[in-house]
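*Asks:* Following this line is final_6.cif, made up of mmCIF, C-alpha atoms:
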```
data_model
#
loop_
_atom_site.label_atom_id
_atom_site.label_comp_id
_atom_site.auth_asym_id
_atom_site.auth_seq_id
_atom_site.Cartn_x
_atom_site.Cartn_y
_atom_site.Cartn_z
CA MET A 1 -19.42 -25.58 18.02
CA LYS A 2 -17.65 -26.66 14.83
CA LYS A 3 -14.60 -24.87 13.48
CA TYR A 4 -13.77 -24.63 9.77
CA ARG A 5 -10.42 -23.49 8.42
CA ILE A 6 -11.38 -21.37 5.44
CA ASN A 7 -7.82 -20.32 4.71
CA SER A 8 -4.58 -19.67 6.53
CA GLY A 9 -5.53 -17.21 9.29
CA VAL A 10 -9.24 -17.32 8.39
CA ASN A 11 -11.53 -19.35 10.68
CA LEU A 12 -15.26 -19.99 10.68
CA VAL A 13 -17.28 -21.29 13.61
CA VAL A 14 -20.90 -22.30 13.06
CA ILE A 15 -23.13 -22.80 16.09
CA PRO A 16 -26.32 -24.45 14.80
CA THR A 17 -29.23 -23.85 17.15
CA THR A 18 -33.00 -23.54 17.11
CA GLN A 19 -32.91 -21.78 20.49
CA PHE A 20 -33.42 -18.34 18.95
CA LYS A 21 -35.61 -16.89 16.23
CA THR A 22 -32.72 -14.81 14.99
CA LEU A 23 -29.55 -15.37 12.98
CA HIS A 24 -26.33 -13.80 14.25
CA ILE A 25 -23.21 -13.23 12.16
CA ALA A 26 -20.08 -11.73 13.70
CA ILE A 27 -16.71 -11.13 12.04
CA ASP A 28 -13.58 -10.28 14.02
CA PHE A 29 -10.43 -8.77 12.54
CA VAL A 30 -7.68 -9.34 15.11
CA ALA A 31 -4.23 -7.73 15.21
CA PRO A 32 -1.63 -6.84 17.83
CA ALA A 33 -2.76 -3.74 19.75
CA LEU A 34 -0.22 -1.06 18.90
CA THR A 35 -0.38 2.66 19.58
CA SER A 36 0.39 3.12 15.88
CA ASN A 37 -2.70 1.22 14.68
CA ILE A 38 -5.45 1.49 17.32
CA SER A 39 -6.69 4.93 16.26
CA ALA A 40 -6.84 4.05 12.56
CA ARG A 41 -8.62 0.77 13.24
CA SER A 42 -11.13 2.55 15.42
CA LEU A 43 -11.86 5.07 12.68
CA LEU A 44 -12.18 2.23 10.17
CA SER A 45 -14.98 0.78 12.30
CA TYR A 46 -16.80 4.13 12.00
CA LEU A 47 -16.51 4.22 8.20
CA MET A 48 -17.47 0.57 7.80
CA ALA A 49 -20.66 1.27 9.76
CA VAL A 50 -22.01 4.00 7.50
CA SER A 51 -20.92 3.48 3.91
CA ALA A 52 -19.77 1.17 1.13
CA ARG A 53 -19.53 1.50 -2.63
CA GLN A 54 -22.98 -0.08 -3.00
CA TYR A 55 -24.39 2.05 -0.16
CA PRO A 56 -22.60 5.41 -0.23
CA THR A 57 -24.74 7.06 2.45
CA GLN A 58 -25.83 6.10 5.93
CA GLN A 59 -29.43 6.33 4.78
CA GLU A 60 -28.82 3.74 2.07
CA VAL A 61 -27.14 1.43 4.57
CA ALA A 62 -30.15 1.81 6.86
CA GLN A 63 -32.56 1.10 4.00
CA LYS A 64 -30.70 -2.10 3.16
CA THR A 65 -31.00 -3.32 6.75
CA ILE A 66 -34.75 -2.61 6.53
CA ASP A 67 -34.87 -4.69 3.35
CA LEU A 68 -33.19 -7.48 5.34
CA TYR A 69 -36.32 -7.61 7.51
CA GLY A 70 -35.11 -5.05 10.01
CA ALA A 71 -31.61 -6.41 10.46
CA GLN A 72 -29.32 -4.76 13.02
CA TYR A 73 -25.88 -3.97 11.64
CA GLN A 74 -23.07 -2.49 13.69
CA THR A 75 -19.31 -2.26 14.08
CA ASP A 76 -17.17 -1.82 17.18
CA VAL A 77 -13.64 -2.15 18.51
CA TYR A 78 -12.39 -4.16 21.47
CA ARG A 79 -9.14 -4.90 23.19
CA PHE A 80 -8.29 -8.16 24.94
CA GLY A 81 -4.85 -8.27 26.49
CA GLN A 82 -2.55 -6.94 23.79
CA THR A 83 -4.87 -7.79 20.90
CA HIS A 84 -7.12 -5.29 19.11
CA HIS A 85 -10.38 -6.32 17.47
CA VAL A 86 -12.49 -4.65 14.79
CA ARG A 87 -15.81 -6.46 14.94
CA VAL A 88 -18.67 -6.38 12.45
CA THR A 89 -22.02 -7.88 13.46
CA LEU A 90 -25.35 -8.50 11.80
CA GLN A 91 -28.50 -9.77 13.49
CA LEU A 92 -31.62 -10.60 11.49
CA PRO A 93 -34.66 -12.88 11.61
CA ALA A 94 -33.83 -16.57 11.23
CA PRO A 95 -34.17 -17.52 7.55
CA ASP A 96 -36.55 -20.42 8.36
CA TYR A 97 -39.11 -17.86 9.54
CA ILE A 98 -39.01 -16.10 6.17
CA ASP A 99 -40.62 -17.38 2.96
CA ASP A 100 -37.48 -16.71 0.91
CA GLY A 101 -35.17 -17.86 3.69
CA ASN A 102 -32.38 -19.17 1.47
CA ASP A 103 -32.26 -15.88 -0.41
CA LEU A 104 -32.19 -13.98 2.87
CA LEU A 105 -29.15 -15.94 4.04
CA VAL A 106 -27.27 -15.15 0.84
CA ASP A 107 -28.42 -11.51 0.88
CA ALA A 108 -27.22 -11.09 4.48
CA PHE A 109 -23.73 -12.37 3.68
CA ASN A 110 -23.61 -10.36 0.45
CA PHE A 111 -24.41 -7.22 2.43
CA LEU A 112 -21.60 -7.93 4.89
CA GLN A 113 -19.19 -8.64 2.07
CA GLU A 114 -20.01 -5.30 0.47
CA MET A 115 -19.70 -3.35 3.72
CA ILE A 116 -16.36 -4.93 4.64
CA PHE A 117 -14.56 -5.61 1.40
CA ASP A 118 -15.97 -3.00 -1.00
CA PRO A 119 -15.66 0.37 0.80
CA LEU A 120 -16.53 3.77 -0.62
CA LEU A 121 -13.26 4.96 -2.15
CA ASP A 122 -11.89 7.76 -4.26
CA GLY A 123 -8.98 6.06 -5.94
CA GLN A 124 -6.49 4.92 -3.29
CA LYS A 125 -8.22 6.77 -0.45
CA PHE A 126 -11.55 6.87 1.31
CA ASP A 127 -14.28 9.19 0.15
CA ARG A 128 -13.33 12.59 1.55
CA LYS A 129 -16.79 13.65 2.73
CA VAL A 130 -17.46 10.44 4.64
CA PHE A 131 -13.93 10.38 6.04
CA VAL A 132 -14.13 13.93 7.46
CA LYS A 133 -17.55 13.35 9.01
CA GLU A 134 -16.61 10.07 10.71
CA GLN A 135 -13.22 11.38 11.82
CA GLN A 136 -15.02 14.18 13.66
CA SER A 137 -17.51 11.69 15.13
CA LEU A 138 -14.67 9.65 16.61
CA ILE A 139 -12.94 12.78 17.94
CA ASN A 140 -16.22 13.82 19.59
CA GLU A 141 -16.54 10.38 21.18
CA LEU A 142 -12.99 10.50 22.58
CA GLU A 143 -13.48 14.04 23.86
CA SER A 144 -16.71 13.02 25.60
CA ILE A 145 -14.79 10.64 27.87
CA LYS A 146 -13.79 13.62 30.01
CA ASP A 147 -17.46 14.43 30.61
CA ASP A 148 -18.13 10.95 31.98
CA LYS A 149 -16.30 11.23 35.30
CA PRO A 150 -16.18 7.53 36.27
CA ARG A 151 -15.04 6.58 32.77
CA TYR A 152 -12.51 9.40 32.71
CA ALA A 153 -11.05 8.44 36.09
CA ILE A 154 -10.64 4.84 34.98
CA SER A 155 -8.97 5.97 31.75
CA GLN A 156 -6.50 8.02 33.77
CA LEU A 157 -5.87 5.08 36.09
CA ARG A 158 -5.15 2.91 33.05
CA ASN A 159 -2.66 5.49 31.81
CA ILE A 160 -0.57 5.36 34.99
CA THR A 161 -0.98 1.62 35.60
CA TYR A 162 0.41 -0.07 32.52
CA ASP A 163 4.06 -0.04 31.50
CA VAL A 164 3.34 -0.57 27.80
CA PRO A 165 1.90 2.33 25.73
CA ASN A 166 -0.57 0.14 23.82
CA LEU A 167 -2.50 -0.51 27.05
CA GLN A 168 -2.37 3.03 28.40
CA SER A 169 -4.88 4.58 26.00
CA SER A 170 -8.49 3.86 25.10
CA SER A 171 -9.22 0.97 22.74
CA ALA A 172 -10.98 3.62 20.64
CA GLY A 173 -7.71 5.48 20.06
CA ASP A 174 -5.99 8.76 20.83
CA ILE A 175 -7.44 12.15 19.87
CA ASP A 176 -4.20 13.57 18.46
CA LEU A 177 -3.50 10.44 16.44
CA VAL A 178 -7.05 10.45 15.05
CA LYS A 179 -6.67 14.10 14.03
CA ASN A 180 -3.46 13.27 12.16
CA LEU A 181 -5.08 10.54 10.07
CA THR A 182 -5.78 11.22 6.40
CA SER A 183 -8.06 9.41 3.99
CA GLU A 184 -4.91 8.06 2.30
CA SER A 185 -3.28 6.79 5.52
CA LEU A 186 -6.57 5.27 6.62
CA TYR A 187 -6.82 3.36 3.34
CA THR A 188 -3.33 1.98 3.97
CA ALA A 189 -4.47 0.84 7.43
CA TYR A 190 -7.56 -0.74 5.86
CA GLN A 191 -5.48 -2.67 3.35
CA ASN A 192 -3.26 -3.90 6.16
CA MET A 193 -6.26 -5.03 8.21
CA ILE A 194 -7.97 -6.83 5.35
CA SER A 195 -4.76 -8.54 4.19
CA ASN A 196 -2.96 -9.36 7.44
CA ASP A 197 -5.37 -9.63 10.37
CA LEU A 198 -6.46 -12.92 11.85
CA VAL A 199 -10.09 -13.27 10.72
CA ASN A 200 -12.54 -15.14 12.95
CA ILE A 201 -16.14 -15.55 11.82
CA VAL A 202 -18.91 -16.84 14.09
CA VAL A 203 -22.40 -17.70 12.83
CA LEU A 204 -25.13 -18.66 15.31
CA GLY A 205 -28.61 -19.77 14.30
CA ASN A 206 -30.67 -22.41 12.57
CA VAL A 207 -28.53 -22.64 9.43
CA ASN A 208 -26.99 -25.33 7.29
CA GLU A 209 -23.29 -25.44 8.14
CA SER A 210 -22.16 -26.43 4.64
CA ASP A 211 -24.16 -23.56 3.12
CA VAL A 212 -22.42 -21.04 5.40
CA GLU A 213 -18.99 -22.55 4.71
CA SER A 214 -19.62 -22.39 0.96
CA ILE A 215 -20.65 -18.73 1.13
CA ILE A 216 -17.60 -17.73 3.16
CA LYS A 217 -15.27 -19.60 0.81
CA ASP A 218 -16.77 -17.60 -2.07
CA TRP A 219 -15.59 -14.43 -0.34
CA SER A 220 -12.06 -15.49 -1.32
CA ILE A 221 -10.40 -13.99 1.76
CA SER A 222 -6.70 -14.25 1.02
CA PRO A 223 -4.46 -16.47 3.16
CA ARG A 224 -2.27 -14.57 5.57
CA ARG A 225 0.66 -15.25 7.84
CA LEU A 226 -0.67 -15.54 11.35
CA PRO A 227 0.20 -12.40 13.32
CA VAL A 228 1.97 -12.85 16.64
CA LEU A 229 -0.84 -12.28 19.13
CA GLN A 230 -0.64 -11.93 22.91
CA PRO A 231 -4.14 -12.47 24.30
CA PHE A 232 -2.89 -12.16 27.88
CA TYR A 233 -0.67 -9.56 29.50
CA ARG A 234 1.13 -9.83 32.79
CA GLN A 235 3.19 -6.98 34.23
CA ALA A 236 6.12 -7.17 36.62
CA LEU A 237 5.55 -5.95 40.16
CA ARG A 238 6.37 -2.30 40.74
CA PRO A 239 8.33 -1.52 43.93
CA ALA A 240 6.24 1.59 44.67
CA THR A 241 2.68 2.74 44.09
CA VAL A 242 2.15 5.30 41.33
CA GLU A 243 -0.29 8.01 42.41
CA LYS A 244 -1.92 10.88 40.59
CA LYS A 245 -4.49 13.44 41.71
CA GLN A 246 -6.43 15.77 39.47
CA TYR A 247 -8.77 18.62 40.35
CA GLN A 248 -11.74 19.74 38.23
CA ARG A 249 -14.15 22.61 38.77
CA ASP A 250 -17.21 21.05 37.14
CA ILE A 251 -17.68 18.07 39.48
CA ASN A 252 -19.41 17.68 42.85
CA GLN A 253 -18.02 14.35 44.03
CA ALA A 254 -14.67 12.62 43.95
CA MET A 255 -13.66 9.43 42.15
CA LEU A 256 -11.22 7.07 43.84
CA THR A 257 -9.74 4.41 41.57
CA LEU A 258 -7.18 1.75 42.48
CA ALA A 259 -5.34 -0.79 40.33
CA MET A 260 -4.15 -3.89 42.14
CA ARG A 261 -1.91 -6.50 40.57
CA LEU A 262 -3.37 -10.00 40.84
CA ASP A 263 -0.77 -12.45 39.64
CA VAL A 264 -2.88 -15.41 38.50
CA PRO A 265 -1.37 -17.22 35.49
CA PRO A 266 -3.60 -17.17 32.38
CA LEU A 267 -5.85 -20.24 32.07
CA ASP A 268 -4.77 -21.45 35.53
CA LYS A 269 -7.49 -23.07 37.65
CA GLN A 270 -6.81 -20.42 40.30
CA ARG A 271 -8.77 -18.04 38.08
CA PHE A 272 -11.97 -19.51 39.53
CA ALA A 273 -10.85 -18.62 43.04
CA ALA A 274 -9.99 -15.13 41.79
CA MET A 275 -13.46 -14.83 40.29
CA VAL A 276 -15.14 -15.74 43.57
CA MET A 277 -12.76 -13.54 45.56
CA ASN A 278 -13.56 -10.54 43.34
CA ALA A 279 -17.29 -11.11 43.80
CA LEU A 280 -16.73 -11.29 47.56
CA LEU A 281 -14.63 -8.12 47.58
CA GLY A 282 -16.65 -5.78 45.36
CA GLY A 283 -18.04 -7.58 42.33
CA SER A 284 -21.53 -8.35 43.64
CA PRO A 285 -24.31 -6.88 45.82
CA LEU A 286 -23.19 -9.30 48.55
CA SER A 287 -19.63 -7.98 48.50
CA LYS A 288 -17.77 -6.44 51.40
CA LEU A 289 -17.22 -3.15 49.59
CA PHE A 290 -20.91 -2.79 48.79
CA MET A 291 -22.30 -4.01 52.11
CA ASN A 292 -19.74 -2.43 54.45
CA VAL A 293 -18.18 0.58 52.73
CA ARG A 294 -21.30 1.77 50.91
CA GLU A 295 -24.27 0.52 52.93
CA LYS A 296 -23.08 0.36 56.55
CA ALA A 297 -20.41 3.08 56.68
CA SER A 298 -21.99 5.28 53.98
CA LEU A 299 -18.55 6.21 52.68
CA ALA A 300 -19.37 5.94 48.97
CA TYR A 301 -22.28 6.55 46.65
CA SER A 302 -21.05 3.78 44.39
CA ILE A 303 -18.24 1.25 44.75
CA TYR A 304 -17.24 -1.93 42.94
CA SER A 305 -14.31 -4.10 41.98
CA LYS A 306 -13.62 -5.70 38.61
CA TRP A 307 -11.07 -8.36 37.83
CA GLN A 308 -9.44 -7.76 34.45
CA TYR A 309 -8.46 -11.32 33.67
CA ASP A 310 -6.76 -10.47 30.38
CA THR A 311 -4.25 -8.07 31.97
CA GLY A 312 -3.91 -9.42 35.51
CA PHE A 313 -5.22 -6.39 37.38
CA LEU A 314 -8.11 -5.90 39.76
CA LEU A 315 -9.77 -2.49 39.53
CA ILE A 316 -11.57 -0.80 42.43
CA ALA A 317 -13.62 2.34 41.73
CA ALA A 318 -15.65 4.46 44.13
CA GLY A 319 -17.70 7.63 43.77
CA LEU A 320 -17.72 9.54 47.04
CA ASP A 321 -17.44 12.89 48.79
CA ALA A 322 -13.97 14.43 48.65
CA ASP A 323 -13.64 14.52 52.44
CA LYS A 324 -14.23 10.76 52.66
CA VAL A 325 -11.50 9.60 50.26
CA VAL A 326 -8.88 8.82 52.92
CA GLN A 327 -11.37 7.10 55.20
CA ALA A 328 -12.87 5.07 52.36
CA GLU A 329 -9.49 3.86 51.12
CA LYS A 330 -8.52 2.86 54.64
CA MET A 331 -11.69 0.79 54.91
CA ILE A 332 -11.08 -0.75 51.47
CA ASP A 333 -7.66 -1.87 52.71
CA GLU A 334 -9.28 -3.32 55.82
CA GLU A 335 -11.80 -5.30 53.77
CA ILE A 336 -9.02 -6.72 51.58
CA LEU A 337 -7.06 -7.67 54.70
CA ALA A 338 -10.15 -9.34 56.16
CA ILE A 339 -10.47 -11.55 53.07
CA GLN A 340 -6.75 -12.33 53.19
CA ASN A 341 -7.22 -13.43 56.81
CA GLY A 342 -10.25 -15.56 55.95
CA GLU A 343 -12.69 -13.29 57.79
CA PHE A 344 -15.83 -13.98 55.80
CA GLU A 345 -18.86 -16.22 56.27
CA ASP A 346 -19.24 -19.52 54.43
CA LYS A 347 -22.91 -18.80 53.75
CA VAL A 348 -21.98 -15.57 51.93
CA VAL A 349 -19.46 -17.44 49.78
CA THR A 350 -22.09 -20.10 49.02
CA SER A 351 -24.55 -17.41 47.95
CA ILE A 352 -21.92 -15.73 45.78
CA LYS A 353 -21.08 -19.02 44.07
CA LYS A 354 -24.77 -19.63 43.35
CA SER A 355 -25.08 -16.11 41.94
CA LEU A 356 -22.02 -16.57 39.70
CA ILE A 357 -23.34 -19.89 38.41
CA ASN A 358 -26.83 -18.49 37.81
CA ASP A 359 -25.37 -15.55 35.90
CA TYR A 360 -23.23 -17.93 33.86
CA LEU A 361 -26.18 -20.17 33.01
CA SER A 362 -28.37 -17.19 32.10
CA GLN A 363 -25.71 -16.08 29.64
CA GLN A 364 -26.22 -19.35 27.79
CA ASP A 365 -29.61 -17.92 26.81
CA SER A 366 -27.90 -14.93 25.20
CA PRO A 367 -26.69 -15.28 21.60
CA ASN A 368 -24.21 -12.46 22.14
CA SER A 369 -22.66 -14.29 25.09
CA GLN A 370 -22.38 -17.50 23.09
CA ILE A 371 -20.69 -15.63 20.27
CA GLU A 372 -18.31 -13.94 22.71
CA THR A 373 -17.41 -17.33 24.16
CA ALA A 374 -16.69 -18.67 20.67
CA PHE A 375 -14.40 -15.72 19.89
CA SER A 376 -12.60 -16.21 23.22
CA ARG A 377 -11.99 -19.88 22.48
CA LEU A 378 -10.64 -19.06 19.03
CA LEU A 379 -8.31 -16.38 20.42
CA THR A 380 -6.98 -18.20 23.49
CA GLY A 381 -7.13 -21.77 22.26
CA SER A 382 -8.79 -22.69 25.55
CA GLU A 383 -12.20 -24.22 26.09
CA THR A 384 -13.96 -24.96 29.37
CA SER A 385 -17.20 -26.90 29.21
CA GLU A 386 -20.28 -25.73 31.06
CA SER A 387 -20.14 -28.62 33.51
CA GLU A 388 -16.42 -28.10 34.17
CA TRP A 389 -16.90 -24.36 34.72
CA ILE A 390 -19.64 -24.97 37.28
CA LYS A 391 -17.60 -27.72 38.94
CA GLN A 392 -14.57 -25.44 39.32
CA VAL A 393 -16.60 -22.59 40.84
CA GLN A 394 -18.28 -24.94 43.28
CA ALA A 395 -14.90 -26.40 44.25
CA VAL A 396 -13.44 -23.06 45.38
CA THR A 397 -12.72 -23.19 49.12
CA ALA A 398 -12.36 -20.47 51.73
CA ASN A 399 -8.63 -21.14 51.76
CA ASP A 400 -8.46 -20.76 47.96
CA ILE A 401 -10.10 -17.34 48.32
CA ARG A 402 -7.76 -16.32 51.11
CA LEU A 403 -4.64 -17.40 49.20
CA VAL A 404 -5.58 -15.63 45.97
CA ALA A 405 -6.49 -12.47 47.91
CA LYS A 406 -2.98 -12.46 49.36
CA LYS A 407 -1.72 -11.92 45.80
CA LEU A 408 -3.38 -8.49 45.63
CA GLN A 409 -0.76 -5.74 45.52
CA ILE A 410 -1.57 -2.05 45.02
CA GLN A 411 0.19 -0.64 41.95
CA SER A 412 -1.50 2.65 41.12
CA ARG A 413 -4.02 5.14 42.44
CA PHE A 414 -5.87 7.91 40.60
CA ILE A 415 -8.12 10.35 42.46
CA LEU A 416 -10.36 12.87 40.72
CA LEU A 417 -11.33 15.68 43.08
CA PRO A 418 -13.59 18.74 42.83
CA LYS A 419 -11.72 22.02 42.70
CA GLU A 420 -12.89 24.67 45.13
#
```
As structure tokens - that is how I would like this structure written.
*Replies:*
Amino acid sequence: MKKYRINSGVNLVVIPTTQFKTLHIAIDFVAPALTSNISARSLLSYLMAVSARQYPTQQEVAQKTIDLYGAQYQTDVYRFGQTHHVRVTLQLPAPDYIDDGNDLLVDAFNFLQEMIFDPLLDGQKFDRKVFVKEQQSLINELESIKDDKPRYAISQLRNITYDVPNLQSSSAGDIDLVKNLTSESLYTAYQNMISNDLVNIVVLGNVNESDVESIIKDWSISPRRLPVLQPFYRQALRPATVEKKQYQRDINQAMLTLAMRLDVPPLDKQRFAAMVMNALLGGSPLSKLFMNVREKASLAYSIYSKWQYDTGFLLIAAGLDADKVVQAEKMIDEEILAIQNGEFEDKVVTSIKKSLINDYLSQQDSPNSQIETAFSRLLTGSETSESEWIKQVQAVTANDIRLVAKKLQIQSRFILLPKE
């Protein structure tokens, strides 16, 4: 992985490889995640996906991707810690498999340049017709969260867990804020993103690095003052658990969600113990929550844990019958206590480590995973080699697991229940 500094706040990483028959280009616009900008940035990703001055309709955008030998073009938004990302990606056949490969490389970057930097405008605002249509699409997406019960329960848990507003809502925005956007205010947000965001570009494939660097330099992305970014978030311990229950008529089963503070410093080696501990608790088919709560006790239809490394919380979510919520949570507490007391078998831990390492190695065969790793390194300034990662996972001891599990502290609880 080689990093090029295109301009102040504009970075390019080229990962030359013949491992894949495809070329992958990903561009990340990174800014502080603020309640005042998340909704606009999310809507921008919708508009950038369907139109540009050269391609004013979604059909014309689609035709251009067909002309690029069936390229896949998409946009999305992400949040990592207190940073918000608008990401544009393009995947197409590797140029060396195409007769006019050099032209294809240039055409691919020209298409991205047009979609990102030459939007469909009406003066100092976005085209009204496209704006209204995509605004409604985003509103529909946000409204649909309530129909997805597990997703909705987790969104409500997030709302009562975090002390800062920019982490309480969806990374896709807030319905009311989206409704209040105008084509003029969205254009202002676009100008701010294009001019001020940290820009990270990752290109993976069998390409000439100097050719890619030359193309990106021709884009003339203006230098920018680096925004103050906080990739990691850690919250002070609350003295009491925050709890919320909600009843709905249109559901048959309950959702129990728990947020537990796990105070592991960012980039600390203890993160490997936390990773193994999470897999032992509920993050794998060999976990205590899956094997004991779901399989043996039949207290849940689904149950898992997820360690949110960027924010320092461990999430537990279970779908279950309403009359089993209390019993299930009691057993969850017992399983956590068992890990804290070291009550687990070495052979299970060994199997979990092997599974984690196998999953990690299999991700090396995924271009998307490699690109995600490159973006993470650019954002956090931290890099762990493959051999070091494996070494650290293998080195985790039973005592390491027990000690990191003792850091788990319940902070919030959201329960979604069927209404009689």
*Asks:* Ile357 of chain A: which residues within 12 Å, counting only C-alpha atoms, same-chain residues fewer than 3 positions away excluded, as a list of chain:residue names?
*Replies:* A:Phe272, A:Met275, A:Val276, A:Ala279, A:Thr350, A:Ser351, A:Ile352, A:Lys353, A:Lys354, A:Tyr360, A:Leu361, A:Ser362, A:Gln363, A:Gln364, A:Glu386, A:Ser387, A:Glu388, A:Trp389, A:Ile390, A:Lys391, A:Gln392, A:Val393, A:Gln394
*Asks:* Name the residues, using the chain letters and numbers of the file, that sit within 8 Å of (-0.2, -3.1, 26.5) when counting all atoms listed in the file, and give them as a PyMOL selection string.
*Replies:* chain A and resi 33-34+81-82+162-168+233
*Asks:* Given the choices A:Gln235, A:Ser369, A:Asn200, A:Asn37, which gets closest to Thr188 of chain A if the distance is worked out from all atoms listed in the file?
*Replies:*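 The answer is A:Asn37, which sits nearest to Thr188 of chain A.
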*Asks:* Taking the file as shown, find all residues satisfying the PyMOL selection byres ((chain A and resi 258) around 8) and write them as a PyMOL selection string.
*Replies:* chain A and resi 157+256-257+259-260+315-317+410-414
*Asks:* So that I can see what lies close to Gln327 of chain A, please list as a ChimeraX atom specification the residues with an atom at most 12 Å from it, counting all atoms listed in the file and leaving out residues fewer than 6 positions away in the same chain.
*Replies:* /A:256,293,297-300,320-321,333-334
*Asks:* Taking the file above as input, evaluate the PyMOL selection byres ((chain A and resi 375) around 9) and report the hits as a list of chain:residue names.
*Replies:*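 Selected by the PyMOL selection byres ((chain A and resi 375) around 9) here: A:Val13, A:Asp28, A:Asn200, A:Ile201, A:Val202, A:Gln370, A:Ile371, A:Glu372, A:Thr373, A:Ala374, A:Ser376, A:Arg377, A:Leu378, A:Leu379, A:Thr380.
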*Asks:* Could you list the residues chosen by the PyMOL selection byres ((chain A and resi 239) around 12) in this structure as an MDAnalysis selection string?
*Replies:* chainID A and resid 236:238 240:242 261 409:412
*Asks:* If we count all atoms listed in the file and set the cut-off at 6 Å, which residues sit around segment 15-20 of chain A, ignoring sequence neighbours fewer than 3 positions away in its own chain? Please answer as a PyMOL selection string.
*Replies:* chain A and resi 1+204-206
*Asks:* Please identify all polymer residues within 10 Å of Leu121 of chain A, counting only C-alpha atoms, omitting same-chain residues fewer than 6 positions from it, and present them as a list in words.
*Replies:*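 In the requested form, the answer reads Ser51, Ala52, Arg53, Pro56, Asp127, Arg128, Val130, Phe131, Ser183, Glu184 and Tyr187 of chain A.
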*Asks:* Restricting the calculation to only C-alpha atoms, which member of A:Pro367, A:Gly319, A:Gly173, A:Pro285 is positioned closest to Leu23 of chain A?
*Replies:*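 Going through A:Pro367, A:Gly319, A:Gly173, A:Pro285 one by one, the smallest distance to Leu23 of chain A is for A:Pro367.
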*Asks:* Compile the contact shell of Ser169 of chain A as a ChimeraX atom specification: residues with an atom at most 8 Å away, counting all atoms listed in the file, same-chain residues fewer than 5 positions apart removed.
*Replies:* /A:155,158-159,174
*Asks:* From the list A:Val404, A:Val10, A:Ala398, A:Leu138, which residue is nearest Arg225 of chain A when using all atoms listed in the file?
*Replies:*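 Counting all atoms listed in the file, the residue closest to Arg225 of chain A is A:Val10.
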*Asks:* When distances are computed from all atoms listed in the file, which of A:Asn196, A:Asn180, A:Ser220, A:Gln156 shows the smallest separation from Ser36 of chain A?
*Replies:*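 For Ser36 of chain A, the nearest of the given residues is A:Asn180.
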*Asks:* Using all atoms listed in the file, list the residues that have an atom at most 12 Å from (-29.0, -23.8, 4.8), coordinates as in the file, as a PyMOL selection string.
*Replies:* chain A and resi 14+16+23+94-96+100-106+205-215
*Asks:* Which one is closest to Gln230 of chain A: A:Ile154, A:Ile139, A:Val86, A:Ala31? Count all atoms listed in the file.
*Replies:*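 Answer, going by the shortest atom-to-atom distance: A:Ala31.
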*Asks:* Some atoms are absent from segment 353-361 of chain A, so rebuild N, CA, C and O atoms and return them as a CSV table (one decimal), keeping the file's coordinate frame.
*Replies:*
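The file below, out13.csv, is the result:
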```csv
chain,number,residue,atom,x,y,z
A,353,LYS,N,-21.3,-18.0,45.1
A,353,LYS,CA,-21.1,-19.0,44.1
A,353,LYS,C,-22.4,-19.3,43.3
A,353,LYS,O,-22.4,-19.4,42.1
A,354,LYS,N,-23.5,-19.4,44.0
A,354,LYS,CA,-24.8,-19.6,43.4
A,354,LYS,C,-25.1,-18.5,42.4
A,354,LYS,O,-25.6,-18.7,41.3
A,355,SER,N,-24.8,-17.3,42.8
A,355,SER,CA,-25.1,-16.1,41.9
A,355,SER,C,-24.2,-16.2,40.7
A,355,SER,O,-24.7,-15.9,39.6
A,356,LEU,N,-22.9,-16.5,40.9
A,356,LEU,CA,-22.0,-16.6,39.7
A,356,LEU,C,-22.5,-17.6,38.7
A,356,LEU,O,-22.5,-17.4,37.5
A,357,ILE,N,-22.9,-18.8,39.3
A,357,ILE,CA,-23.3,-19.9,38.4
A,357,ILE,C,-24.6,-19.5,37.7
A,357,ILE,O,-24.8,-19.8,36.5
A,358,ASN,N,-25.6,-18.9,38.4
A,358,ASN,CA,-26.8,-18.5,37.8
A,358,ASN,C,-26.6,-17.5,36.7
A,358,ASN,O,-27.2,-17.5,35.6
A,359,ASP,N,-25.7,-16.5,36.9
A,359,ASP,CA,-25.4,-15.6,35.9
A,359,ASP,C,-24.8,-16.2,34.7
A,359,ASP,O,-25.1,-15.9,33.5
A,360,TYR,N,-23.9,-17.2,35.0
A,360,TYR,CA,-23.2,-17.9,33.9
A,360,TYR,C,-24.3,-18.7,33.0
A,360,TYR,O,-24.2,-18.7,31.8
A,361,LEU,N,-25.2,-19.4,33.7
A,361,LEU,CA,-26.2,-20.2,33.0
A,361,LEU,C,-27.1,-19.3,32.2
A,361,LEU,O,-27.6,-19.6,31.1
```
